[in-house]
Each structure stands twice: as C-alpha cells, then as structure tokens.
$ cat data.cif   # mmCIF, C-alpha atoms
data_coords
loop_
_atom_site.label_atom_id
_atom_site.label_comp_id
_atom_site.auth_asym_id
_atom_site.auth_seq_id
_atom_site.Cartn_x
_atom_site.Cartn_y
_atom_site.Cartn_z
CA MET A 68 55.03 150.11 117.43
CA ARG A 69 54.35 146.41 117.75
CA ILE A 70 55.05 145.93 114.05
CA LEU A 71 58.35 147.79 114.44
CA LEU A 72 59.38 145.57 117.34
CA ILE A 73 58.49 142.49 115.33
CA LEU A 74 60.57 143.74 112.40
CA VAL A 75 63.55 144.47 114.68
CA ALA A 76 63.28 141.04 116.30
CA SER A 77 63.01 139.44 112.87
CA LEU A 78 66.09 141.32 111.67
CA ILE A 79 68.11 140.26 114.73
CA PHE A 80 67.02 136.65 114.25
CA SER A 81 67.91 136.74 110.55
CA THR A 82 71.33 138.23 111.32
CA SER A 83 72.02 135.56 113.95
CA LEU A 84 70.86 132.87 111.54
CA LEU A 85 73.13 134.14 108.79
CA ALA A 86 76.06 134.29 111.22
CA ALA A 87 75.34 130.76 112.37
CA GLU A 88 75.11 129.52 108.78
CA ALA A 89 78.34 131.29 107.86
CA ASN A 90 80.06 129.79 110.90
CA LEU A 91 78.73 126.32 110.02
CA LYS A 92 79.97 126.70 106.46
CA GLY A 93 83.35 127.91 107.71
CA LYS A 94 83.58 125.03 110.13
CA SER A 95 82.69 122.61 107.36
CA GLU A 96 85.43 124.08 105.14
CA ILE A 97 87.95 123.90 107.99
CA ALA A 98 87.00 120.28 108.68
CA GLN A 99 87.35 119.41 104.99
CA LYS A 100 90.77 121.07 104.76
CA LYS A 101 91.84 119.32 107.96
CA ALA A 102 90.78 115.98 106.48
CA GLU A 103 92.89 116.73 103.39
CA LEU A 104 95.84 117.59 105.62
CA ASP A 105 95.39 114.36 107.58
CA ALA A 106 95.39 112.40 104.31
CA LEU A 107 98.59 114.15 103.22
CA ASP A 108 100.17 113.49 106.62
CA LYS A 109 99.26 109.80 106.29
CA GLN A 110 100.79 109.71 102.81
CA ILE A 111 104.02 111.22 104.18
CA SER A 112 104.11 108.67 107.00
CA GLU A 113 103.60 105.80 104.55
CA LEU A 114 106.33 107.12 102.25
CA GLU A 115 108.73 107.42 105.19
CA THR A 116 107.96 103.85 106.22
CA ALA A 117 108.49 102.63 102.65
CA ALA A 118 111.73 104.62 102.32
CA ASN A 119 113.12 103.19 105.55
CA ALA A 120 112.14 99.65 104.49
CA ALA A 121 113.78 100.12 101.07
CA THR A 122 116.95 101.47 102.69
CA LYS A 123 117.06 98.49 105.05
CA LYS A 124 116.58 96.08 102.12
CA ASP A 125 119.35 97.76 100.09
CA ARG A 126 121.74 97.59 103.02
CA ALA A 127 121.00 93.89 103.48
CA GLU A 128 121.71 93.24 99.77
CA MET A 129 124.95 95.23 99.94
CA ALA A 130 126.01 93.36 103.08
CA GLN A 131 125.35 90.07 101.31
CA LYS A 132 127.43 91.10 98.28
CA LYS A 133 130.22 92.24 100.60
CA ALA A 134 130.13 88.91 102.42
CA GLU A 135 130.39 87.06 99.08
CA LEU A 136 133.38 89.22 98.13
CA ASP A 137 135.08 88.54 101.45
CA ALA A 138 134.49 84.80 101.02
CA LEU A 139 136.02 84.90 97.52
CA ASP A 140 139.03 86.86 98.79
CA LYS A 141 139.61 84.23 101.44
CA GLN A 142 139.22 81.39 98.95
CA ILE A 143 141.58 83.02 96.44
CA LEU A 144 144.20 83.56 99.13
CA GLU A 145 143.98 79.92 100.22
CA MET A 146 144.39 78.73 96.61
CA LYS A 147 147.41 80.96 96.05
CA LEU A 148 149.07 79.52 99.13
CA LYS A 149 148.47 75.99 97.87
CA VAL A 150 149.80 76.54 94.34
CA GLY A 151 153.19 74.88 94.02
CA SER A 152 152.78 72.92 97.25
CA SER A 153 152.37 69.17 97.53
CA SER A 154 148.84 69.59 98.82
CA VAL A 155 147.64 71.39 95.73
CA ARG A 156 144.64 69.79 94.05
CA SER A 157 144.09 69.61 90.31
CA THR A 158 141.58 72.42 90.48
CA ASP A 159 143.92 74.64 92.45
CA ASN A 160 145.74 76.15 89.49
CA ALA A 161 146.30 79.51 87.91
CA ASP A 162 143.24 79.20 85.65
CA ALA A 163 141.00 78.58 88.64
CA ILE A 164 142.46 81.59 90.46
CA ARG A 165 142.03 83.74 87.34
CA SER A 166 138.41 82.63 87.07
CA MET A 167 137.74 83.48 90.69
CA ASN A 168 139.38 86.88 90.25
CA ASP A 169 137.01 87.52 87.35
CA GLN A 170 134.10 86.48 89.56
CA LYS A 171 135.36 88.82 92.27
CA SER A 172 135.60 91.68 89.77
CA ASN A 173 132.00 91.08 88.65
CA LEU A 174 130.78 90.95 92.25
CA GLY A 175 132.66 94.17 93.01
CA LYS A 176 131.03 95.89 90.04
CA GLN A 177 127.60 94.63 91.13
CA LEU A 178 128.21 96.02 94.61
CA GLU A 179 129.27 99.42 93.30
CA ASP A 180 126.27 99.57 90.93
CA LEU A 181 123.99 98.61 93.81
CA LYS A 182 125.48 101.36 95.97
CA LYS A 183 124.98 103.99 93.26
CA GLU A 184 121.45 102.84 92.49
CA SER A 185 120.55 102.67 96.16
CA TYR A 186 121.97 106.14 96.81
CA GLN A 187 120.01 107.73 93.95
CA GLU A 188 116.75 105.95 94.76
CA ASN A 189 117.14 106.76 98.44
CA LYS A 190 117.82 110.41 97.58
CA ASP A 191 114.73 110.55 95.32
CA ARG A 192 112.52 108.95 97.98
CA TRP A 193 113.57 111.37 100.73
CA ASN A 194 113.40 114.35 98.38
CA GLU A 195 109.77 113.45 97.75
CA VAL A 196 109.13 113.11 101.49
CA SER A 197 110.77 116.51 102.04
CA ARG A 198 108.70 118.10 99.27
CA LEU A 199 105.46 116.74 100.71
CA LYS A 200 106.39 117.89 104.22
CA ILE A 201 106.98 121.42 102.95
CA ASP A 202 103.65 121.28 101.13
CA TYR A 203 101.95 120.00 104.29
CA ASN A 204 103.47 122.69 106.51
CA ASN A 205 102.57 125.47 104.07
CA LYS A 206 98.99 124.27 103.73
CA ARG A 207 98.60 123.79 107.47
CA ARG A 208 99.95 127.24 108.25
CA ALA A 209 97.67 128.78 105.62
CA LEU A 210 94.70 127.00 107.21
CA ILE A 211 95.70 128.16 110.70
CA ASN A 212 96.16 131.71 109.40
CA LYS A 213 92.68 131.66 107.91
CA ALA A 214 91.10 130.21 111.06
CA VAL A 215 92.98 132.62 113.35
CA ALA A 216 92.03 135.63 111.24
CA ASN A 217 88.40 134.53 111.33
CA TYR A 218 88.58 133.93 115.07
CA GLN A 219 90.11 137.35 115.76
CA LYS A 220 87.45 139.03 113.63
CA VAL A 221 84.63 137.23 115.43
CA ALA A 222 86.20 137.70 118.87
CA THR A 223 86.26 141.48 118.42
CA SER A 224 82.94 141.90 116.64
CA ALA A 225 80.53 139.16 117.71
CA SER A 226 78.36 140.00 120.70
CA ASP A 227 77.21 136.50 121.62
CA GLN A 228 79.53 134.04 123.35
CA GLU A 229 78.12 131.08 121.43
CA THR A 230 79.46 132.42 118.12
CA LYS A 231 82.86 133.11 119.67
CA ASP A 232 83.00 129.61 121.16
CA ALA A 233 81.99 128.02 117.85
CA THR A 234 84.71 129.95 116.02
CA TRP A 235 87.26 128.84 118.61
CA GLN A 236 86.29 125.25 117.90
CA GLU A 237 87.48 125.73 114.31
CA LEU A 238 90.99 126.14 115.71
CA VAL A 239 90.55 123.02 117.83
CA ILE A 240 89.56 121.06 114.71
CA ILE A 241 92.94 121.91 113.17
CA TYR A 242 94.89 121.08 116.34
CA PRO A 243 92.81 118.72 118.51
CA GLU A 244 95.52 118.57 121.21
CA SER A 245 94.54 122.13 122.16
CA ASN A 246 91.19 121.00 123.56
CA LYS A 247 92.81 120.84 127.01
CA LEU A 248 93.60 124.56 126.87
CA PRO A 249 91.19 127.11 128.33
CA MET A 250 88.95 128.35 125.52
CA HIS A 251 90.10 131.50 123.70
CA ASN A 252 93.73 131.13 124.83
CA LEU A 253 95.10 131.96 121.40
CA GLU A 254 98.66 132.56 122.60
CA GLY A 255 98.73 129.16 124.26
CA TYR A 256 97.16 127.52 121.19
CA LEU A 257 99.96 128.85 118.99
CA SER A 258 102.72 128.26 121.55
CA MET A 259 101.90 124.55 121.78
CA GLN A 260 102.68 124.36 118.06
CA GLU A 261 105.79 126.59 118.27
CA LEU A 262 103.94 129.32 116.36
CA ALA A 263 103.27 132.97 117.13
CA LEU A 264 101.48 136.01 115.74
CA ASN A 265 103.46 138.68 113.93
CA ASP A 266 101.47 141.60 112.51
CA GLY A 267 98.37 139.44 112.53
CA LYS A 268 100.01 136.57 110.64
CA VAL A 269 100.89 133.16 112.06
CA VAL A 270 104.61 132.52 111.72
CA PRO A 271 107.13 130.11 113.28
CA ALA A 272 107.98 131.33 116.77
CA LYS A 273 111.68 130.92 115.94
CA SER A 274 111.49 133.70 113.34
CA ILE A 275 110.16 136.17 115.91
CA LEU A 276 112.76 135.08 118.45
CA SER A 277 115.46 135.65 115.85
CA GLU A 278 114.27 139.23 115.33
CA LYS A 279 114.24 139.87 119.07
CA GLN A 280 117.78 138.50 119.39
CA LYS A 281 118.94 140.85 116.61
CA ARG A 282 117.34 143.84 118.33
CA LEU A 283 118.97 142.95 121.64
CA ALA A 284 122.34 142.51 119.94
CA LYS A 285 122.11 146.01 118.41
CA GLY A 286 121.41 147.47 121.86
CA ASN A 287 119.46 150.47 120.54
CA SER A 288 116.04 149.65 122.02
CA THR A 289 114.28 151.40 124.88
CA THR A 290 114.44 149.89 128.36
CA ASN A 291 110.86 148.65 128.03
CA ASN A 292 111.56 146.98 124.68
CA VAL A 293 114.78 145.44 125.97
CA CYS A 294 112.94 143.99 128.96
CA THR A 295 110.14 142.76 126.73
CA ASP A 296 112.47 141.10 124.24
CA LYS A 297 114.75 139.59 126.88
CA CYS A 298 111.90 138.18 128.97
CA GLU A 299 110.02 136.89 125.92
CA LEU A 300 113.15 135.08 124.74
CA ASP A 301 113.55 133.48 128.17
CA LYS A 302 109.84 132.68 128.31
CA SER A 303 109.91 131.01 124.89
CA ALA A 304 113.02 129.01 125.77
CA ARG A 305 111.44 127.73 128.99
CA GLU A 306 108.18 126.98 127.22
CA SER A 307 109.84 125.11 124.36
CA GLU A 308 112.10 123.12 126.67
CA CYS A 309 109.16 122.09 128.84
CA ILE A 310 107.04 121.03 125.85
CA ARG A 311 109.96 119.30 124.09
CA THR A 312 110.47 116.91 127.01
CA MET A 313 106.89 115.62 126.78
CA THR A 314 105.58 112.66 124.85
CA PRO A 315 102.77 113.34 122.34
CA SER A 316 100.28 111.75 124.73
CA ASP A 317 101.39 114.01 127.60
CA LEU A 318 101.26 117.23 125.58
CA PRO A 319 97.47 117.80 125.68
CA LEU A 320 97.43 117.21 129.44
CA PHE A 321 100.53 119.07 130.57
CA GLY A 322 101.31 121.42 127.67
CA PRO A 323 98.93 124.10 129.04
CA GLN A 324 100.79 123.98 132.36
CA CYS A 325 104.07 124.71 130.55
CA ILE A 326 102.45 127.68 128.86
CA GLN A 327 100.99 129.04 132.09
CA ARG A 328 104.28 128.70 133.97
CA ALA A 329 106.07 130.48 131.13
CA ARG A 330 103.48 133.28 131.23
CA ASP A 331 103.94 133.69 134.98
CA TYR A 332 107.70 133.75 134.51
CA TYR A 333 107.39 136.47 131.83
CA LYS A 334 105.34 138.73 134.11
CA ASN A 335 107.81 138.37 136.98
CA CYS A 336 110.81 138.70 134.66
CA LYS A 337 109.58 141.92 133.07
CA ALA A 338 108.58 143.44 136.41
CA ALA A 339 112.03 142.68 137.82
CA CYS A 340 113.77 143.96 134.69
CA LEU A 341 111.88 147.28 134.65
CA SER A 342 112.45 147.86 138.37
CA GLY A 343 116.19 147.74 137.75
CA PRO A 344 118.99 146.15 139.80
#

$ encode --input "data.cif" --output "structure tokens"
Amino acid sequence: MRILLILVASLIFSTSLLAAEANLKGKSEIAQKKAELDALDKQISELETAANAATKKDRAEMAQKKAELDALDKQILEMKLKVGSSSVRSTDNADAIRSMNDQKSNLGKQLEDLKKESYQENKDRWNEVSRLKIDYNNKRRALINKAVANYQKVATSASDQETKDATWQELVIIYPESNKLPMHNLEGYLSMQELALNDGKVVPAKSILSEKQKRLAKGNSTTNNVCTDKCELDKSARESECIRTMTPSDLPLFGPQCIQRARDYYKNCKAACLSGP
C-alpha cells in the first residue's frame, strides 16, 4: 500500500513537472516571438521616420526649385519691360531673355522630374511600410490566437491555479498593458486591443460588430438575440470611445475601468431590453 501511494505521488509530481516544463517552454516561445514582433515594430517605426524625413527633404527641394523659377519669371518680366526703353542696359536684350527662358525651361523640367521621382519613391516607401504593418498584424494575431487557445485549454483542464496564472502571463507578455487588468479577464484583454473571440478564434472586434449590424438590419432574430446584438453594439461603441480618448500611458491605468463600465452597461441594457417597454 505504501509503495502504491509512493508511485501515485511520484506520478502526480512527474505530471506537474511535465506541465511546468511545457508551460516554461511555451512561455519561452511566446517571449521569443514577442521579441521578434518588437523588432519588426521598431523597423516599421524607423521606416516611417525615414519616409517622413525623405518627404520633407523632397518638399524643401521642390520649394527651392519653385522659388528659383519664380525669381527667373520676375527677372524675365523686368527685362522685357526694359527692352526698347532708354534705361535698357547692354545685357538687357533679346538674346539674354532667350537665354533666361531656356534656363527657366530647364528648371521647370528639373522640378517636374523631381516631382515624379519623389512621388514614386514616396509611394514605394509607404508601400513597404504598409506591407510590413500587415505582416506585423498577421503575426501578432497569430501569436495571440495561439496564446489564447493555450490559455483556454489550460483554464478548462488544469486543476492548479499556479498553472493557470502562468499561462495567463503568456498573454501579458504579448500585451504588457494588460497587466493592470484583473487576471483571467480574457474579454477585457481582447477588448483593450479592439479584438474579440469568434468561434474560438481571435478576430478584429469590428468584424463581429459588422455581423451583428447585418443581423439587426434583417430583423429576423429572436428577441433575446436582438437584445444581445443591440446591447453588445452599444457596449462596444462605448468601450471603444472611452479607450480611444486615452493616451497610451493612460490606457493601462484606466482602460480596465472603461471595460468594466461597458460590461455594467451591457447587463443593464439587456435586462431593460428583455423586460420590454
């Protein structure tokens, strides 16, 4: 009997150890992926800074060329007015005007070439920024999906709170601003990032809201579903508006309050809706 108890205890310990090792490995993978995302985000920020600086430089060059053209126009006009007058100087003749017109034509061509070149380079730079942002968002959402799926699995199967808490921390690694939320508030975690769950997958909250709006527009839902959709739309609008007015530094502190107020509103809204007029 003692041997059996020892074997059972050993098995439980081994299982816990394996779970802990798996969680540590998962956390390590999440941290590594998050570091890669941070590096990509930094690259995007640097490219945006460089693109803005290049655009500013191009505009300055174009402004300079335009100023030179305006100065030539003024000079040519003054020379034309002097031709044939008593105040005309030896250099103020038709040949000089023709030469300046040629110079103006060359400057005009340079300005147009600069505009075309600047437009194409600017377009290429921002296309690259856009491509990287799409890549970043796709990778980040995939990472969140993986972490959320793992969290949901652990939350429903793990018996010890320590494992659940450790798995929750994987989500916090991805979005550190959520550390002000109560632990295991998955809805709030996603809401702060304008995300939501749909059939177990993390998707932009806007896509779910769009579906709810379509259902309401058709008007063929049950009273309960209509109340749910209507109140969730209102809840999301209030939540988003509250979060949108905050600075990034305020979000971790006050974002959870927005989420809680929106939750309270939803409960009251649905209760009032179901009770009828």

$ resolve_selection --input "data.cif" --expression "the PyMOL selection byres ((chain A and resi 129) around 10)" --output "list in words"
Lys123, Lys124, Asp125, Arg126, Ala127, Glu128, Ala130, Gln131, Lys132, Lys133, Ala134, Glu135, Gln177, Leu178, Glu179, Leu181, Lys182 and Ser185 of chain A

$ closest_residue --input "data.cif" --among "A:Glu254, A:Asp108, A:Asp266, A:Glu237" --to "Ser197 (chain A)" --atoms "all atoms listed in the file"
A:Asp108

$ resolve_selection --input "data.cif" --expression "the PyMOL selection byres ((chain A and resi 195) around 12)" --output "PyMOL selection string"
chain A and resi 110-115+117-118+188-194+196-202

$ resolve_selection --input "data.cif" --expression "the PyMOL selection byres ((chain A and resi 303) around 12)" --output "PyMOL selection string"
chain A and resi 254-255+257-263+271-277+279+295-302+304-311+325-330+332-333

$ atom_distance --input "data.cif" --atom1 "CA of Ala339 (chain A)" --atom2 "CA of Leu264 (chain A)"
25.4 Å

$ residues_near_point --input "data.cif" --point "(88.2, 128.1, 128.6)" --cutoff "12 Å" --atoms "only C-alpha atoms" --output "PDB file with C-alpha atoms, in the coordinates of the input"
ATOM      1  CA  GLN A 228      79.530 134.040 123.350  1.00  0.00           C
ATOM      2  CA  LYS A 231      82.860 133.110 119.670  1.00  0.00           C
ATOM      3  CA  ASP A 232      83.000 129.610 121.160  1.00  0.00           C
ATOM      4  CA  TRP A 235      87.260 128.840 118.610  1.00  0.00           C
ATOM      5  CA  GLN A 236      86.290 125.250 117.900  1.00  0.00           C
ATOM      6  CA  SER A 245      94.540 122.130 122.160  1.00  0.00           C
ATOM      7  CA  ASN A 246      91.190 121.000 123.560  1.00  0.00           C
ATOM      8  CA  LYS A 247      92.810 120.840 127.010  1.00  0.00           C
ATOM      9  CA  LEU A 248      93.600 124.560 126.870  1.00  0.00           C
ATOM     10  CA  PRO A 249      91.190 127.110 128.330  1.00  0.00           C
ATOM     11  CA  MET A 250      88.950 128.350 125.520  1.00  0.00           C
ATOM     12  CA  HIS A 251      90.100 131.500 123.700  1.00  0.00           C
ATOM     13  CA  ASN A 252      93.730 131.130 124.830  1.00  0.00           C
ATOM     14  CA  LEU A 253      95.100 131.960 121.400  1.00  0.00           C
ATOM     15  CA  GLY A 255      98.730 129.160 124.260  1.00  0.00           C
ATOM     16  CA  TYR A 256      97.160 127.520 121.190  1.00  0.00           C
ATOM     17  CA  PRO A 323      98.930 124.100 129.040  1.00  0.00           C
TER      18      PRO A 323
END

$ atom_distance --input "data.cif" --atom1 "CA of Ala98 (chain A)" --atom2 "CA of Ile211 (chain A)"
11.9 Å

$ closest_residue --input "data.cif" --among "A:Lys334, A:Lys147, A:Arg208, A:Lys213" --to "Val270 (chain A)" --atoms "all atoms listed in the file"
A:Arg208

$ closest_residue --input "data.cif" --among "A:Lys337, A:Lys171, A:Lys268, A:Lys141" --to "Leu210 (chain A)" --atoms "only C-alpha atoms"
A:Lys268

$ atom_distance --input "data.cif" --atom1 "CA of Gln187 (chain A)" --atom2 "CA of Asp169 (chain A)"
27.2 Å

$ axis_aligned_box --input "data.cif" --around "region 97-110 of chain A" --padding-each-side "6 Å" --output "JSON"
{"center_x": 93.9, "center_y": 116.8, "center_z": 105.7, "size_x": 25.8, "size_y": 26.2, "size_z": 17.9}

$ closest_residue --input "data.cif" --among "A:Thr223, A:Asn168, A:Gln324, A:Cys336" --to "Leu144 (chain A)" --atoms "all atoms listed in the file"
A:Asn168
